[in-house]
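Next comes start_22.txt, with compact mmCIF, C-alpha atoms and all ligand atoms.
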# COMPACT_ATOMS: atom_id res chain seq x y z
CA MET V 1 128.62 137.47 87.13
CA GLU V 2 130.32 138.40 83.87
CA ALA V 3 128.16 141.29 82.69
CA PRO V 4 125.56 143.74 84.02
CA THR V 5 122.49 141.75 85.00
CA MET V 6 118.88 142.79 85.61
CA PHE V 7 117.35 141.26 88.74
CA GLY V 8 114.01 143.04 88.34
CA PRO V 9 111.47 144.63 90.68
CA GLN V 10 111.64 144.24 94.47
CA THR V 11 109.34 145.86 97.04
CA VAL V 12 111.73 147.62 99.41
CA ALA V 13 109.46 149.83 101.55
CA PRO V 14 105.80 150.90 101.68
CA ASP V 15 104.84 152.39 98.30
CA THR V 16 108.42 151.85 97.10
CA THR V 17 109.57 149.35 94.46
CA ALA V 18 113.21 149.01 93.46
CA ILE V 19 114.27 147.92 89.99
CA VAL V 20 117.43 146.06 90.88
CA SER V 21 120.43 145.28 88.71
CA TYR V 22 124.08 144.51 89.42
CA SER V 23 127.18 145.42 87.48
CA PRO V 24 130.48 143.56 87.97
CA LEU V 25 133.52 145.78 88.50
CA PRO V 26 136.68 143.84 87.58
CA GLY V 27 138.79 143.06 90.63
CA LEU V 28 136.40 144.81 93.01
CA GLY V 29 133.14 142.90 93.13
CA LEU V 30 129.52 143.64 92.27
CA LEU V 31 127.95 147.07 92.34
CA PRO V 32 124.17 147.22 92.80
CA VAL V 33 122.49 149.65 90.41
CA ASN V 34 118.98 150.52 91.55
CA SER V 35 116.22 152.77 90.38
CA PHE V 36 112.87 153.15 92.14
CA VAL V 37 109.16 153.65 91.60
CA ILE V 38 107.38 155.58 94.36
CA HIS V 39 103.69 154.66 94.20
CA ALA V 40 102.48 158.11 95.24
CA ALA V 41 99.14 159.66 94.21
CA GLU V 42 101.31 161.15 91.48
CA PRO V 43 103.71 158.27 90.69
CA VAL V 44 107.42 159.01 90.71
CA LEU V 45 110.25 157.21 88.93
CA VAL V 46 113.66 157.74 90.54
CA ASP V 47 116.53 157.37 88.03
CA THR V 48 116.40 155.17 84.95
CA GLY V 49 118.97 152.35 85.17
CA LEU V 50 122.04 151.23 83.25
CA PRO V 51 122.37 152.04 79.52
CA MET V 52 123.47 148.49 78.65
CA LEU V 53 120.33 147.00 80.23
CA LYS V 54 117.82 149.22 78.45
CA ASP V 55 115.59 146.42 77.10
CA GLU V 56 115.56 144.49 80.38
CA TYR V 57 115.00 147.72 82.31
CA MET V 58 112.00 148.77 80.23
CA LYS V 59 110.49 145.29 80.68
CA ALA V 60 111.02 145.44 84.45
CA LEU V 61 109.60 148.96 84.67
CA GLY V 62 106.55 147.92 82.63
CA ALA V 63 105.90 145.13 85.16
CA VAL V 64 105.80 147.74 87.96
CA ILE V 65 103.87 150.59 86.35
CA ASP V 66 102.58 151.76 82.99
CA PRO V 67 105.13 154.50 82.14
CA ALA V 68 102.20 156.61 80.86
CA ASP V 69 101.02 156.87 84.49
CA LEU V 70 104.27 158.47 85.68
CA ARG V 71 103.92 162.12 86.73
CA TRP V 72 107.49 162.69 87.89
CA ILE V 73 110.93 161.40 86.91
CA TRP V 74 113.40 162.32 89.64
CA LEU V 75 116.95 162.31 88.27
CA SER V 76 119.42 162.13 91.16
CA HIS V 77 122.27 163.30 88.93
CA MET V 78 123.42 163.04 85.35
CA ASP V 79 125.79 160.06 85.51
CA ALA V 80 125.25 157.45 82.80
CA ASP V 81 124.29 154.70 85.27
CA HIS V 82 121.25 156.78 86.30
CA LEU V 83 120.08 157.86 82.84
CA GLY V 84 120.16 154.56 80.92
CA SER V 85 116.52 154.45 79.78
CA LEU V 86 115.62 158.12 80.13
CA GLU V 87 114.87 158.77 76.47
CA ALA V 88 112.83 155.58 76.07
CA ILE V 89 110.79 156.50 79.17
CA GLN V 90 110.29 160.10 78.07
CA ALA V 91 108.75 158.79 74.84
CA LEU V 92 106.23 156.71 76.82
CA ALA V 93 105.55 159.15 79.66
CA PRO V 94 104.37 162.42 78.14
CA LYS V 95 102.82 163.61 81.43
CA ALA V 96 105.97 163.06 83.49
CA LYS V 97 107.92 166.10 84.59
CA ILE V 98 111.65 165.66 84.99
CA VAL V 99 112.96 166.77 88.36
CA THR V 100 116.45 168.18 88.55
CA ASN V 101 118.14 171.47 89.37
CA PHE V 102 119.78 174.16 87.27
CA LEU V 103 123.10 172.34 86.84
CA GLY V 104 121.34 169.05 86.13
CA MET V 105 119.30 170.67 83.39
CA ALA V 106 122.41 172.28 81.92
CA LYS V 107 124.13 168.90 81.80
CA MET V 108 121.06 167.39 80.11
CA MET V 109 121.26 170.10 77.46
CA LEU V 110 124.97 169.44 76.92
CA ARG V 111 124.04 165.84 76.16
CA SER V 112 121.12 166.81 73.89
CA PHE V 113 118.40 165.36 76.12
CA ASP V 114 114.88 166.75 75.73
CA VAL V 115 114.49 169.30 78.56
CA SER V 116 111.03 170.57 77.59
CA GLN V 117 109.45 168.72 80.53
CA VAL V 118 112.04 169.70 83.15
CA HIS V 119 110.70 170.91 86.48
CA LEU V 120 113.50 172.86 88.12
CA LEU V 121 114.00 172.29 91.82
CA GLU V 122 114.35 175.70 93.47
CA PRO V 123 116.36 176.14 96.66
CA GLY V 124 114.01 175.40 99.57
CA GLY V 125 111.40 173.89 97.25
CA HIS V 126 109.94 170.39 97.20
CA ILE V 127 107.89 168.10 94.96
CA ASP V 128 104.23 167.62 95.86
CA ALA V 129 103.28 164.13 94.70
CA GLY V 130 99.68 164.47 95.87
CA ASP V 131 99.70 162.35 99.02
CA ARG V 132 103.24 163.23 100.12
CA LYS V 133 106.05 165.64 99.66
CA LEU V 134 109.47 164.68 98.40
CA VAL V 135 111.82 167.04 100.19
CA PRO V 136 115.17 167.44 98.41
CA LEU V 137 118.22 166.61 100.49
CA LYS V 138 121.88 166.81 99.59
CA PRO V 139 123.29 163.32 100.17
CA ALA V 140 126.15 162.91 102.66
CA TYR V 141 128.52 162.62 99.70
CA PHE V 142 128.21 162.57 95.94
CA ASP V 143 130.19 162.42 92.71
CA ALA V 144 128.39 165.21 90.83
CA PRO V 145 127.40 168.61 92.22
CA GLU V 146 123.86 168.51 90.81
CA THR V 147 123.10 165.44 92.92
CA VAL V 148 119.88 165.62 94.86
CA GLY V 149 118.31 162.96 97.05
CA PHE V 150 115.01 163.26 98.92
CA PHE V 151 113.03 162.39 102.01
CA ASP V 152 109.52 160.98 101.45
CA THR V 153 107.29 162.61 104.08
CA LYS V 154 104.69 159.81 103.95
CA THR V 155 106.92 156.75 104.28
CA ARG V 156 109.96 158.46 105.86
CA VAL V 157 112.14 156.73 103.26
CA LEU V 158 115.41 158.53 102.48
CA PHE V 159 116.82 158.33 98.95
CA SER V 160 120.56 158.99 99.09
CA ALA V 161 121.57 158.73 95.38
CA ASP V 162 125.20 157.47 95.12
CA ALA V 163 125.94 157.89 98.85
CA PHE V 164 126.32 154.67 100.88
CA GLY V 165 127.15 152.67 97.75
CA CYS V 166 128.73 149.33 98.55
CA LEU V 167 130.84 146.96 96.47
CA MET V 168 129.65 143.46 97.22
CA GLN V 169 131.10 139.98 96.80
CA GLU V 170 127.61 138.47 96.46
CA THR V 171 124.15 139.87 95.94
CA ALA V 172 121.90 140.56 98.92
CA ALA V 173 118.22 141.46 99.18
CA GLU V 174 118.85 143.93 102.01
CA ALA V 175 121.80 145.81 103.42
CA ALA V 176 121.02 144.07 106.73
CA ASP V 177 122.08 140.79 105.08
CA ILE V 178 125.58 142.12 104.36
CA PRO V 179 127.97 141.05 107.15
CA GLU V 180 129.31 144.02 109.13
CA GLU V 181 132.89 143.62 107.92
CA ALA V 182 131.82 143.12 104.32
CA MET V 183 129.80 146.34 104.48
CA PHE V 184 132.84 148.28 105.63
CA ASP V 185 135.09 146.52 103.11
CA GLY V 186 132.60 147.36 100.35
CA MET V 187 131.79 150.94 101.29
CA ALA V 188 135.37 152.14 101.79
CA PRO V 189 136.59 151.40 98.23
CA TRP V 190 133.33 152.63 96.70
CA ALA V 191 133.60 155.92 98.58
CA ALA V 192 137.27 156.18 97.53
CA ILE V 193 136.31 155.76 93.89
CA ASP V 194 133.08 157.76 93.87
CA ALA V 195 133.91 160.61 96.25
CA PRO V 196 137.70 160.77 96.74
CA TRP V 197 137.26 164.30 98.14
CA LEU V 198 136.02 162.65 101.33
CA GLY V 199 139.71 162.24 102.13
CA MET V 200 139.94 166.06 102.34
CA VAL V 201 136.97 166.73 104.60
CA ASP V 202 137.13 167.58 108.27
CA ARG V 203 136.01 164.40 109.99
CA GLN V 204 134.07 166.32 112.64
CA VAL V 205 132.13 168.23 110.00
CA PHE V 206 131.40 165.01 108.13
CA GLY V 207 130.38 163.41 111.43
CA ARG V 208 127.76 166.12 111.87
CA VAL V 209 126.38 165.37 108.39
CA LEU V 210 126.04 161.72 109.35
CA ALA V 211 124.50 162.65 112.71
CA ASP V 212 121.86 164.70 110.89
CA ILE V 213 120.87 161.58 108.94
CA GLU V 214 120.68 159.57 112.15
CA ARG V 215 118.45 162.24 113.70
CA LEU V 216 116.23 162.17 110.61
CA ASP V 217 115.62 158.53 111.56
CA PRO V 218 114.52 157.30 108.11
CA SER V 219 112.32 154.19 107.99
CA ALA V 220 114.64 152.95 105.25
CA ILE V 221 117.54 154.25 103.18
CA ILE V 222 117.25 153.54 99.48
CA ALA V 223 120.25 154.28 97.27
CA GLY V 224 121.56 153.80 93.78
CA HIS V 225 124.28 151.39 94.83
CA LEU V 226 123.19 149.69 98.06
CA PRO V 227 120.43 147.17 98.73
CA VAL V 228 117.62 148.73 100.79
CA ALA V 229 118.84 149.55 104.32
CA ARG V 230 116.03 148.87 106.80
CA GLY V 231 116.83 148.90 110.49
CA VAL V 232 120.56 149.33 109.86
CA THR V 233 120.91 153.11 109.49
CA LYS V 234 123.44 153.24 112.35
CA ARG V 235 125.54 150.45 110.82
CA VAL V 236 125.53 152.13 107.40
CA LEU V 237 126.58 155.48 108.89
CA ALA V 238 129.24 153.85 111.07
CA SER V 239 130.72 152.02 108.06
CA VAL V 240 131.10 155.27 106.13
CA ASP V 241 132.43 157.11 109.17
CA ALA V 242 135.02 154.38 109.78
CA ALA V 243 136.05 154.43 106.13
CA VAL V 244 136.64 158.19 106.19
CA GLY V 245 138.36 158.12 109.59
CA GLY V 246 140.46 155.12 108.69
CA GLY V 247 142.21 157.04 105.96
CA ARG V 248 141.07 154.60 103.32
CA ILE V 249 139.49 157.28 101.19
CA ALA V 250 142.03 158.10 98.51
CA ALA V 251 141.83 158.36 94.77
CA PRO V 252 143.16 155.18 93.13
CA ASP V 253 146.77 155.63 92.02
CA ARG V 254 148.28 154.24 88.84
CA GLU V 255 149.32 150.98 90.53
CA THR V 256 145.76 150.48 91.73
CA ILE V 257 144.26 151.19 88.35
CA GLU V 258 146.66 148.80 86.62
CA ALA V 259 145.82 146.10 89.16
CA LEU V 260 142.12 146.68 88.55
CA LEU V 261 142.54 146.38 84.81
CA ALA V 262 144.54 143.17 85.27
CA GLY V 263 141.75 141.75 87.44
CA ALA V 264 144.01 141.47 90.52
CA PRO V 265 143.09 142.77 93.98
CA PRO V 266 143.95 146.49 93.96
CA PRO V 267 146.83 147.14 96.39
CA ALA V 268 145.67 150.53 97.69
CA LEU V 269 142.15 149.32 98.30
CA ALA V 270 143.03 145.93 99.73
CA ALA V 271 145.10 147.42 102.56
FE FE V 301 127.28 159.01 90.22
FE FE V 302 125.79 156.04 90.40
Produce structure tokens that represent the structure in this file.
Amino acid sequence: MEAPTMFGPQTVAPDTTAIVSYSPLPGLGLLPVNSFVIHAAEPVLVDTGLPMLKDEYMKALGAVIDPADLRWIWLSHMDADHLGSLEAIQALAPKAKIVTNFLGMAKMMLRSFDVSQVHLLEPGGHIDAGDRKLVPLKPAYFDAPETVGFFDTKTRVLFSADAFGCLMQETAAEAADIPEEAMFDGMAPWAAIDAPWLGMVDRQVFGRVLADIERLDPSAIIAGHLPVARGVTKRVLASVDAAVGGGRIAAPDRETIEALLAGAPPPALAA
């Protein structure tokens, strides 16, 4: 794959459709980039895809739902790979409220997005989508402090934003299809790039965060950068835990970055 590619809609859980794309990262592999439609009584769009795939994204979204029917647009955080088609969707979805928190809204304003429809998530609050609640949850790790995932109380699906992202050597419909070793080999470098501060956390404290997710027992984990994880929650959590404990979480150094740019396997990440 030479360039970001739209794969289109995929049903990933009850009431939950992913809009799946992949982006090649030179020297590292393929990164899935997903957004989601939750077919609630009040339909919810979760993130809005890659900026360079705007036309393909809008076509794929239109095949899933008429944007005019959207009542909520949940923005996990304000990174470009989650906001690609936001303005185009806002123009077609006048009834949709944008869900973010105070910092998320401030970042939208800094980038001159229309914030007139923002619905601010208050601490302890939730979104009532008519037939279910979306309960905000801080993902296990993140690359922007405004990040907010959620737990769908009807389907028990957990949306984890950037957490559990995985660099892949080939596409897969489900996380369960990724071989165990490949999942570890893909999650460790992604975590090192996306959340290098994981190398500074107390492993026991982080272990408790992961244990909380296991206790939550989601029916599926959906994420921005991982194919849907159904029936493999333990494997996903163990891969991240091993990556943190194995000392492989470190910010890429200059040698690594130069290797990446040259298209060679990055030394620090290939260890
Ligand atoms: Fe991000
Ligand atoms: Fe992301």
Would you compute, for all listed atoms of segment 89-102 of chain V, the axis-aligned bounding box grown by 8 Å on each side, and then report its centre and edge lengths in Å rounded to one decimal, as JSON?
{"center_x": 111.3, "center_y": 165.3, "center_z": 82.1, "size_x": 33.0, "size_y": 33.7, "size_z": 30.5}
Got a sec: who's within 8 Å of segment 44-57 of chain V, counting all atoms listed in the file, leaving out chain neighbours fewer than 5 positions off, as a PDB file with C-alpha atoms, in the frame of the given file?
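Printed below is part10.pdb as written:
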ATOM      1  CA  PRO V   4     125.560 143.740  84.020  1.00  0.00           C
ATOM      2  CA  THR V   5     122.490 141.750  85.000  1.00  0.00           C
ATOM      3  CA  MET V   6     118.880 142.790  85.610  1.00  0.00           C
ATOM      4  CA  GLY V   8     114.010 143.040  88.340  1.00  0.00           C
ATOM      5  CA  ILE V  19     114.270 147.920  89.990  1.00  0.00           C
ATOM      6  CA  VAL V  33     122.490 149.650  90.410  1.00  0.00           C
ATOM      7  CA  ASN V  34     118.980 150.520  91.550  1.00  0.00           C
ATOM      8  CA  SER V  35     116.220 152.770  90.380  1.00  0.00           C
ATOM      9  CA  PHE V  36     112.870 153.150  92.140  1.00  0.00           C
ATOM     10  CA  VAL V  37     109.160 153.650  91.600  1.00  0.00           C
ATOM     11  CA  ILE V  38     107.380 155.580  94.360  1.00  0.00           C
ATOM     12  CA  HIS V  39     103.690 154.660  94.200  1.00  0.00           C
ATOM     13  CA  LEU V  70     104.270 158.470  85.680  1.00  0.00           C
ATOM     14  CA  ARG V  71     103.920 162.120  86.730  1.00  0.00           C
ATOM     15  CA  TRP V  72     107.490 162.690  87.890  1.00  0.00           C
ATOM     16  CA  ILE V  73     110.930 161.400  86.910  1.00  0.00           C
ATOM     17  CA  TRP V  74     113.400 162.320  89.640  1.00  0.00           C
ATOM     18  CA  LEU V  75     116.950 162.310  88.270  1.00  0.00           C
ATOM     19  CA  SER V  76     119.420 162.130  91.160  1.00  0.00           C
ATOM     20  CA  ALA V  80     125.250 157.450  82.800  1.00  0.00           C
ATOM     21  CA  ASP V  81     124.290 154.700  85.270  1.00  0.00           C
ATOM     22  CA  HIS V  82     121.250 156.780  86.300  1.00  0.00           C
ATOM     23  CA  LEU V  83     120.080 157.860  82.840  1.00  0.00           C
ATOM     24  CA  GLY V  84     120.160 154.560  80.920  1.00  0.00           C
ATOM     25  CA  SER V  85     116.520 154.450  79.780  1.00  0.00           C
ATOM     26  CA  LEU V  86     115.620 158.120  80.130  1.00  0.00           C
ATOM     27  CA  ALA V 129     103.280 164.130  94.700  1.00  0.00           C
TER      28      ALA V 129
END
Q. Which residues form the shell of 12 Å around ligand FE 301 (chain V) when you count all atoms listed in the file, given as an MDAnalysis selection string?
A. chainID V and resid 33:34 47 49:50 75:83 139 141:149 160:165 190:191 193:195 223:225
Q. Suppose you want the space between atom CA of Asp177 of chain V and atom CA of Ser21 of chain V; what is it in Å?
A.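 It comes out at 17.1 Å.
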(Q) Around the point (103.5, 162.0, 100.0) (coordinates from the file), which residues reach within 6 Å if we count all atoms listed in the file? Answer as a PyMOL selection string. (A) chain V and resi 129+131-133+153-154
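For the residues V:Gln10, V:Asp128, V:Phe206, V:Ala3, ranking by smallest atom-to-atom distance to Leu31 of chain V using only C-alpha atoms places V:Ala3 first.
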(Q) Measuring between all atoms listed in the file, which one of V:Glu214, V:Glu180, V:Glu174, V:Asp66 shows the shortest distance to Thr233 of chain V? (A)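 Closest candidate: V:Glu214.
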Q. Suppose you want the space between atom CA of Glu42 of chain V and atom CA of Val99 of chain V; what is it in Å?
A. 13.3 Å
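Between atom CA of Leu210 of chain V and atom CA of Ala238 of chain V lies a distance of 8.7 Å.
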Q.
Using all atoms listed in the file, which protein or nucleic acid residues come within 12 Å of Arg208 of chain V? Drop anything in the same chain fewer than 6 positions from it, and give the result as a PyMOL selection string.
A. chain V and resi 140+201-202+214-215+237+241
Q | Residue nearest ligand FE 302 (chain V) among V:Ala93, V:Ala188, V:Leu226, V:Met58 (counting all atoms listed in the file) | A |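 When distances to ligand FE 302 (chain V) are compared using all atoms listed in the file, the smallest one comes from V:Leu226.
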Q | Among the residues V:Pro32, V:Pro9, V:Pro14, V:Pro227, the one that comes closest to ligand FE 302 (chain V) [using only C-alpha atoms and all ligand atoms] | A | V:Pro32
Q) For ligand FE 302 (chain V), which residue out of V:Gly263, V:Pro43, V:Phe184, V:Tyr22 is the nearest one, using only C-alpha atoms and all ligand atoms? A) V:Tyr22
Would you kindly place N, CA and C atoms on segment 89-109 of chain V and return the model as an mmCIF file, in the frame of the given file?
data_model
loop_
_atom_site.group_PDB
_atom_site.id
_atom_site.type_symbol
_atom_site.label_atom_id
_atom_site.label_comp_id
_atom_site.auth_asym_id
_atom_site.auth_seq_id
_atom_site.Cartn_x
_atom_site.Cartn_y
_atom_site.Cartn_z
ATOM 1 N N ILE V 89 111.896 156.228 78.225
ATOM 2 C CA ILE V 89 110.790 156.500 79.170
ATOM 3 C C ILE V 89 110.096 157.805 78.803
ATOM 4 N N GLN V 90 110.888 158.806 78.453
ATOM 5 C CA GLN V 90 110.290 160.100 78.070
ATOM 6 C C GLN V 90 109.274 159.907 76.925
ATOM 7 N N ALA V 91 109.633 159.011 75.995
ATOM 8 C CA ALA V 91 108.750 158.790 74.840
ATOM 9 C C ALA V 91 107.421 158.163 75.249
ATOM 10 N N LEU V 92 107.447 157.417 76.382
ATOM 11 C CA LEU V 92 106.230 156.710 76.820
ATOM 12 C C LEU V 92 105.505 157.425 77.950
ATOM 13 N N ALA V 93 106.099 158.485 78.470
ATOM 14 C CA ALA V 93 105.550 159.150 79.660
ATOM 15 C C ALA V 93 105.388 160.653 79.410
ATOM 16 N N PRO V 94 104.468 161.005 78.520
ATOM 17 C CA PRO V 94 104.370 162.420 78.140
ATOM 18 C C PRO V 94 103.931 163.336 79.275
ATOM 19 N N LYS V 95 103.289 162.752 80.331
ATOM 20 C CA LYS V 95 102.820 163.610 81.430
ATOM 21 C C LYS V 95 103.867 163.751 82.537
ATOM 22 N N ALA V 96 104.977 163.042 82.408
ATOM 23 C CA ALA V 96 105.970 163.060 83.490
ATOM 24 C C ALA V 96 106.868 164.288 83.398
ATOM 25 N N LYS V 97 106.954 164.994 84.521
ATOM 26 C CA LYS V 97 107.920 166.100 84.590
ATOM 27 C C LYS V 97 109.234 165.578 85.122
ATOM 28 N N ILE V 98 110.321 166.104 84.574
ATOM 29 C CA ILE V 98 111.650 165.660 84.990
ATOM 30 C C ILE V 98 112.180 166.580 86.069
ATOM 31 N N VAL V 99 112.526 165.973 87.205
ATOM 32 C CA VAL V 99 112.960 166.770 88.360
ATOM 33 C C VAL V 99 114.474 166.799 88.420
ATOM 34 N N THR V 100 115.015 167.991 88.342
ATOM 35 C CA THR V 100 116.450 168.180 88.550
ATOM 36 C C THR V 100 116.637 169.667 88.909
ATOM 37 N N ASN V 101 117.871 170.066 89.058
ATOM 38 C CA ASN V 101 118.140 171.470 89.370
ATOM 39 C C ASN V 101 118.824 172.132 88.161
ATOM 40 N N PHE V 102 119.233 173.365 88.365
ATOM 41 C CA PHE V 102 119.780 174.160 87.270
ATOM 42 C C PHE V 102 120.961 173.467 86.593
ATOM 43 N N LEU V 103 121.914 172.981 87.410
ATOM 44 C CA LEU V 103 123.100 172.340 86.840
ATOM 45 C C LEU V 103 122.726 171.033 86.140
ATOM 46 N N GLY V 104 121.785 170.296 86.755
ATOM 47 C CA GLY V 104 121.340 169.050 86.130
ATOM 48 C C GLY V 104 120.743 169.299 84.768
ATOM 49 N N MET V 105 119.921 170.341 84.676
ATOM 50 C CA MET V 105 119.300 170.670 83.390
ATOM 51 C C MET V 105 120.368 171.082 82.368
ATOM 52 N N ALA V 106 121.343 171.860 82.826
ATOM 53 C CA ALA V 106 122.410 172.280 81.920
ATOM 54 C C ALA V 106 123.172 171.066 81.376
ATOM 55 N N LYS V 107 123.426 170.098 82.248
ATOM 56 C CA LYS V 107 124.130 168.900 81.800
ATOM 57 C C LYS V 107 123.265 168.089 80.824
ATOM 58 N N MET V 108 121.953 168.066 81.072
ATOM 59 C CA MET V 108 121.060 167.390 80.110
ATOM 60 C C MET V 108 121.154 168.059 78.740
ATOM 61 N N MET V 109 121.186 169.378 78.745
ATOM 62 C CA MET V 109 121.260 170.100 77.460
ATOM 63 C C MET V 109 122.573 169.813 76.756
#
